[in-house]
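Asker: Please find one structure pasted underneath; my questions will follow.
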Amino acid sequence: MIQSNTITKELDVYAIRQQFPALNRQVKGQPLVYFDNAATTQKPQVVIDALVDYYTNYNANVHRGIHTLAEEATAAFEASRDAARQFINASSREEIIFTRGTTEGINLVAYTWGRKNIKAGDEIIITEMEHHSNIVPWQILCEEKGATLKMIPQQDGTLLLDEYKKLLSSKTKLVSVVHVSNALGTVNPVEEIIKLAHQAGAKVLIDGAQSTVHLDIDVQALDCDFFAFSSHKVYGPTGIGVLYGKKQLLEAMPPFQGGGEMIKEVTLEKTTYADLPYKFEAGTPNIGDAVVLKAALDYVSKIGKAKIRNHENELLAYATEQLVQLPGLRVIGNAANKVSVVSFVIDKVHPQDIGILLDNRGIAVRTGHHCAQPLMACYGIPGTIRASFAMYNTKEEIDSLITGLQKALKMLL
Ligand SMILES: *Cc1c(COP(=O)(O)O)cnc(C)c1O
């Protein structure tokens, strides 16, 4: 009994690697070490096969045709919506809107809910560790409306909640916060942030671009008003994502784009809009990628997020332990609660030089500001080197990274 428990706790990472064809390739004559998972994950064969299957066998436009292919495409498209609903535990499928990704989801809320509800003098609160896609839409909105954008400060990767409490007031209309920082790996205490925002009468949007792949997401338990994520960071295709919104809010919101699919009836005088979620899905959607999202989510669920998380946490601990032993290396972001992202700088070397030298050894890391320039400004640095780990990464690969860094430093210093 105990033995089988121990076994089920572990992930068979070598078997999993076999399911990701990209991991078999070589880069610059070396086996690929892919540590840029926070930018996008590689895709398992089941996801690639599902895309080929869609275009090979049942490509058709959805919701319109009565022919067999259209019915099959529609059924698969809507089954994917159900899978997404289940993955984040939304209470109804009408609350699941397909978007192009997290960026479009946040912009949708800014352009519809925001345009309707934000007025001069109102305040929107974000954090210092936001991705640009959770900064710029609010800047545009605030400028248009004469509202003010405020930021919760952070220290060494941890948000200062006491400062957040001071920012909250009756002027606060929206709090829009990243669940997990792509640049630092910090898991933010969103439960508490949401509770405090609601006490102040504000709505809350959670940027789930990084959290959805690592953490169990339950939008009902979180009680967030909106939640956005991207398929491509959860082992699915690019170009598709999900915006969750509470039904009453979505119903009261004006549409985003106008066109086909989002209407009930159009006359030249007046148009009535389709019911949820179609009101927000104008035009022919990205059917193929939406269909395939289900394959990705099913794949992750079948392996089990808890198992994946254990493995990734082990990789994070192992990598951090090795990295801090390198001379002049400083980890940026040391929050107590992190996912498998480690960002660092090294004295006297430019992150980009390290990135190029690592690529020569087949190791893919990300260097730069990670679309979080205000955060980099907090640290007074232009950027970091970031290694982010996924379910298919191994300790041997981390050893290659350490060796690669040692060799790079020998050359650069
Ligand atoms: C990637 C990312 C986004 C943007 O996602 P897209 O897929 O590019 O739309 C937003 N926020 C965070 C935290 C991210 O990591």
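Chain labels follow the order of the structure tokens: the first chain is A, the next B, and so on; residue numbering restarts at 1 in every chain, and ligands are counted from 1 in their shown order.
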Show me which residues are within 7 Å of ligand 1 counting only C-alpha atoms and all ligand atoms, and format the list as a PyMOL selection string.
Answerer: chain A and resi 38-39+100-104+130-131+133-134+178+180-182+207-210+230+232
Asker: Give me, as CSV, each residue of range 95-159 of chain A that comes within 12 Å of range 249-267 of chain A, together with its shortest interatomic pair and the distance in Å at one decimal, counting only C-alpha atoms, with rows ordered by chain and rising residue number.
Answerer:
residue,atom,partner,partner_atom,distance
A:Glu95,CA,A:Leu250,CA,7.6
A:Ile96,CA,A:Leu250,CA,10.1
A:Ile97,CA,A:Leu250,CA,9.8
A:Thr99,CA,A:Phe256,CA,11.0
A:Glu104,CA,A:Phe256,CA,10.4
A:Gly105,CA,A:Phe256,CA,10.4
A:Ile106,CA,A:Phe256,CA,11.5
A:Asn107,CA,A:Phe256,CA,9.2
A:Leu108,CA,A:Phe256,CA,6.1
A:Val109,CA,A:Phe256,CA,8.5
A:Ala110,CA,A:Phe256,CA,9.6
A:Tyr111,CA,A:Phe256,CA,6.8
A:Thr112,CA,A:Pro254,CA,5.6
A:Trp113,CA,A:Met253,CA,5.5
A:Gly114,CA,A:Met253,CA,9.1
A:Arg115,CA,A:Pro254,CA,9.0
A:Lys116,CA,A:Met253,CA,7.4
A:Asn117,CA,A:Met253,CA,9.2
Asker: For CA of Glu191 in chain A and CA of Tyr379 in chain A, quote the distance in Å rounded to one decimal.
Answerer: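 Separation of CA of Glu191 in chain A and CA of Tyr379 in chain A: 26.5 Å.
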Asker: Find the residues near range 354-365 of chain A: any atom within 9 Å, counting only C-alpha atoms, skip ones fewer than 4 places away on the same chain, and give them as a ChimeraX atom specification.
Answerer: /A:26-37,349-350,385-388,397,400-401,404-405,407-409,412
Asker: Which residues come within 8 Å of Phe98 in chain A, counting only C-alpha atoms, excluding same-chain residues fewer than 4 positions away, as a PyMOL selection string?
Answerer: chain A and resi 81+240-243+281+285+290
Asker: With only C-alpha atoms as the counted atoms, please give the residues lying no more than 10 Å from Glu144 in chain A, apart from itself and same-chain residues fewer than 4 positions off, as a list of chain:residue names.
Answerer: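 Contacts, with the query itself left out: A:Arg115, A:Ile118, A:Lys119, A:Ala120, A:Trp138, A:Gln139, A:Ile140.
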Asker: Create the file for the chosen residues now, containing all heavy atoms and written as a compact mmCIF listing (two decimals), in the first residue's frame.
Answerer:
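The resulting again-v1.txt:
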# COMPACT_ATOMS: atom_id res chain seq x y z
N ARG A 115 -14.95 49.97 -20.15
CA ARG A 115 -15.56 51.13 -20.80
C ARG A 115 -16.89 51.49 -20.15
O ARG A 115 -17.25 52.65 -20.04
CB ARG A 115 -15.84 50.80 -22.27
CG ARG A 115 -14.61 50.87 -23.14
CD ARG A 115 -14.63 52.15 -23.99
NE ARG A 115 -13.37 52.33 -24.67
CZ ARG A 115 -13.07 51.75 -25.83
NH1 ARG A 115 -13.96 50.98 -26.43
NH2 ARG A 115 -11.91 51.96 -26.39
N ILE A 118 -15.88 52.10 -15.68
CA ILE A 118 -14.83 52.97 -15.13
C ILE A 118 -15.12 54.43 -15.51
O ILE A 118 -15.38 54.73 -16.68
CB ILE A 118 -13.43 52.54 -15.65
CG1 ILE A 118 -13.12 51.12 -15.18
CG2 ILE A 118 -12.35 53.52 -15.19
CD1 ILE A 118 -13.00 50.92 -13.68
N LYS A 119 -15.06 55.28 -14.49
CA LYS A 119 -15.35 56.70 -14.72
C LYS A 119 -14.20 57.56 -14.18
O LYS A 119 -13.33 57.05 -13.47
CB LYS A 119 -16.64 57.08 -13.99
CG LYS A 119 -17.82 56.29 -14.51
CD LYS A 119 -19.14 56.63 -13.84
CE LYS A 119 -20.26 55.82 -14.49
NZ LYS A 119 -20.02 54.34 -14.42
N ALA A 120 -14.25 58.84 -14.50
CA ALA A 120 -13.21 59.76 -14.02
C ALA A 120 -13.12 59.69 -12.50
O ALA A 120 -14.15 59.65 -11.82
CB ALA A 120 -13.53 61.18 -14.47
N TRP A 138 -5.01 48.65 -19.12
CA TRP A 138 -5.54 49.51 -18.04
C TRP A 138 -5.03 50.92 -18.17
O TRP A 138 -5.73 51.88 -17.84
CB TRP A 138 -5.21 48.90 -16.67
CG TRP A 138 -5.61 47.47 -16.58
CD1 TRP A 138 -4.81 46.40 -16.34
CD2 TRP A 138 -6.93 46.93 -16.79
NE1 TRP A 138 -5.53 45.23 -16.37
CE2 TRP A 138 -6.83 45.52 -16.65
CE3 TRP A 138 -8.17 47.48 -17.08
CZ2 TRP A 138 -7.93 44.67 -16.79
CZ3 TRP A 138 -9.28 46.63 -17.22
CH2 TRP A 138 -9.14 45.25 -17.09
N GLN A 139 -3.80 51.06 -18.66
CA GLN A 139 -3.29 52.42 -18.91
C GLN A 139 -4.13 53.11 -19.98
O GLN A 139 -4.49 54.28 -19.84
CB GLN A 139 -1.82 52.36 -19.38
CG GLN A 139 -0.85 52.07 -18.25
CD GLN A 139 0.59 51.93 -18.76
OE1 GLN A 139 0.82 51.55 -19.90
NE2 GLN A 139 1.54 52.23 -17.89
N ILE A 140 -4.44 52.38 -21.03
CA ILE A 140 -5.26 52.94 -22.12
C ILE A 140 -6.63 53.35 -21.58
O ILE A 140 -7.12 54.46 -21.83
CB ILE A 140 -5.41 51.91 -23.27
CG1 ILE A 140 -4.05 51.65 -23.93
CG2 ILE A 140 -6.44 52.40 -24.30
CD1 ILE A 140 -4.06 50.49 -24.93
Asker: Excluding Asn334 in chain A and its own-chain neighbours fewer than 4 positions away, which residues fall within 10 Å of it when counting only C-alpha atoms? Please give them as a list in words.
Answerer: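 Listing them by chain and then by number gives Gln155, Asp156, Gly157, Thr158, Leu184, Gly185, Thr186, Lys338, Val342 and Ser343 of chain A.
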Asker: Show which residues sit within 9 Å of Thr74 in chain A, as a list in words. Count only C-alpha atoms, and ignore same-chain residues fewer than 5 positions away.
Answerer: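 Here the qualifying residues turn out to be Ala60, Asn61, Val62, His63, Arg64, Leu69, Ala79 and Ile287 of chain A.
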Asker: List every residue of range 4-207 of chain A that DSSP, applied to the backbone of this structure, places in alpha helix (DSSP H), and write the result as a ChimeraX atom specification.
Answerer: /A:4-9,13-18,45-57,68-88,102-109,115-117,136-145,161-167,190-199
Asker: Can I get the selection written as a CSV table (one decimal), in the first residue's frame, with C-alpha atoms?
Answerer:
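Result file follows (again_16.csv):
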chain,number,residue,atom,x,y,z
A,4,SER,CA,2.3,2.0,-4.5
A,5,ASN,CA,1.5,5.4,-3.0
A,6,THR,CA,5.2,6.3,-3.3
A,7,ILE,CA,5.2,5.1,-6.9
A,8,THR,CA,2.1,7.1,-7.9
A,9,LYS,CA,3.6,10.2,-6.4
A,13,VAL,CA,9.7,11.8,-16.7
A,14,TYR,CA,11.5,9.7,-19.2
A,15,ALA,CA,8.2,8.2,-20.5
A,16,ILE,CA,6.7,11.7,-20.7
A,17,ARG,CA,9.7,12.9,-22.7
A,18,GLN,CA,8.9,10.3,-25.3
A,45,GLN,CA,2.0,14.1,-29.6
A,46,VAL,CA,-1.6,13.8,-28.6
A,47,VAL,CA,-2.0,17.5,-29.2
A,48,ILE,CA,-0.2,17.5,-32.5
A,49,ASP,CA,-2.3,14.5,-33.6
A,50,ALA,CA,-5.6,16.1,-32.5
A,51,LEU,CA,-4.8,19.1,-34.8
A,52,VAL,CA,-4.0,16.9,-37.7
A,53,ASP,CA,-7.1,14.9,-37.1
A,54,TYR,CA,-9.3,18.0,-37.1
A,55,TYR,CA,-8.0,19.3,-40.4
A,56,THR,CA,-7.9,15.9,-41.9
A,57,ASN,CA,-11.3,14.7,-40.9
A,68,THR,CA,-22.3,16.2,-40.7
A,69,LEU,CA,-18.9,17.9,-40.7
A,70,ALA,CA,-20.3,21.1,-39.3
A,71,GLU,CA,-22.0,19.1,-36.6
A,72,GLU,CA,-18.8,17.2,-35.7
A,73,ALA,CA,-16.8,20.4,-35.6
A,74,THR,CA,-19.4,22.1,-33.4
A,75,ALA,CA,-19.5,19.2,-31.0
A,76,ALA,CA,-15.8,19.1,-30.7
A,77,PHE,CA,-15.6,22.9,-30.3
A,78,GLU,CA,-18.2,22.9,-27.5
A,79,ALA,CA,-16.7,19.8,-25.9
A,80,SER,CA,-13.5,21.8,-25.6
A,81,ARG,CA,-15.4,24.6,-23.9
A,82,ASP,CA,-16.7,22.0,-21.4
A,83,ALA,CA,-13.2,20.8,-20.8
A,84,ALA,CA,-12.0,24.3,-20.1
A,85,ARG,CA,-14.9,24.9,-17.7
A,86,GLN,CA,-14.0,21.8,-15.8
A,87,PHE,CA,-10.3,22.6,-15.8
A,88,ILE,CA,-10.9,25.8,-13.9
A,102,THR,CA,-4.6,35.9,-22.0
A,103,THR,CA,-3.8,39.2,-23.6
A,104,GLU,CA,-7.1,39.2,-25.6
A,105,GLY,CA,-9.0,38.1,-22.5
A,106,ILE,CA,-7.7,41.1,-20.4
A,107,ASN,CA,-8.3,43.5,-23.3
A,108,LEU,CA,-11.8,42.2,-23.7
A,109,VAL,CA,-12.6,43.0,-20.1
A,115,ARG,CA,-15.6,51.1,-20.8
A,116,LYS,CA,-18.9,50.7,-19.2
A,117,ASN,CA,-18.0,50.8,-15.5
A,136,VAL,CA,-1.2,48.5,-21.0
A,137,PRO,CA,-4.9,47.8,-21.4
A,138,TRP,CA,-5.5,49.5,-18.0
A,139,GLN,CA,-3.3,52.4,-18.9
A,140,ILE,CA,-5.3,52.9,-22.1
A,141,LEU,CA,-8.6,52.7,-20.2
A,142,CYS,CA,-7.4,55.0,-17.4
A,143,GLU,CA,-6.2,57.6,-19.9
A,144,GLU,CA,-9.4,57.5,-21.8
A,145,LYS,CA,-11.6,57.8,-18.7
A,161,LEU,CA,-0.1,43.3,1.3
A,162,ASP,CA,-0.1,46.1,3.9
A,163,GLU,CA,0.6,48.5,1.1
A,164,TYR,CA,-2.3,47.0,-0.9
A,165,LYS,CA,-4.6,47.5,2.0
A,166,LYS,CA,-3.6,51.2,2.1
A,167,LEU,CA,-4.4,51.5,-1.7
A,190,VAL,CA,-4.8,35.9,-4.7
A,191,GLU,CA,-7.4,34.5,-2.3
A,192,GLU,CA,-6.6,37.2,0.2
A,193,ILE,CA,-6.3,39.9,-2.5
A,194,ILE,CA,-9.7,39.0,-3.9
A,195,LYS,CA,-11.4,39.0,-0.5
A,196,LEU,CA,-10.0,42.4,0.4
A,197,ALA,CA,-11.0,43.8,-3.0
A,198,HIS,CA,-14.5,42.6,-2.6
A,199,GLN,CA,-14.8,44.1,0.8
Asker: DSSP on the backbone, then: every residue of range 161-273 of chain A marked strand (DSSP E), written as a list in words.
Answerer: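 Strand (DSSP E) assignments inside range 161-273 of chain A correspond to Thr172, Lys173, Leu174, Val175, Ser176, Val177, Val178, Lys203, Val204, Leu205, Ile206, Asp207, Phe226, Phe227, Ala228, Phe229, Ser230, Gly241, Val242, Leu243, Tyr244, Gly245, Ile263, Lys264, Glu265, Val266, Thr271, Thr272 and Tyr273 of chain A.
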Asker: By how many Å are CA of Ala317 in chain A and CA of Ser340 in chain A apart?
Answerer: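 Here the two named atoms are 8.5 Å from each other.
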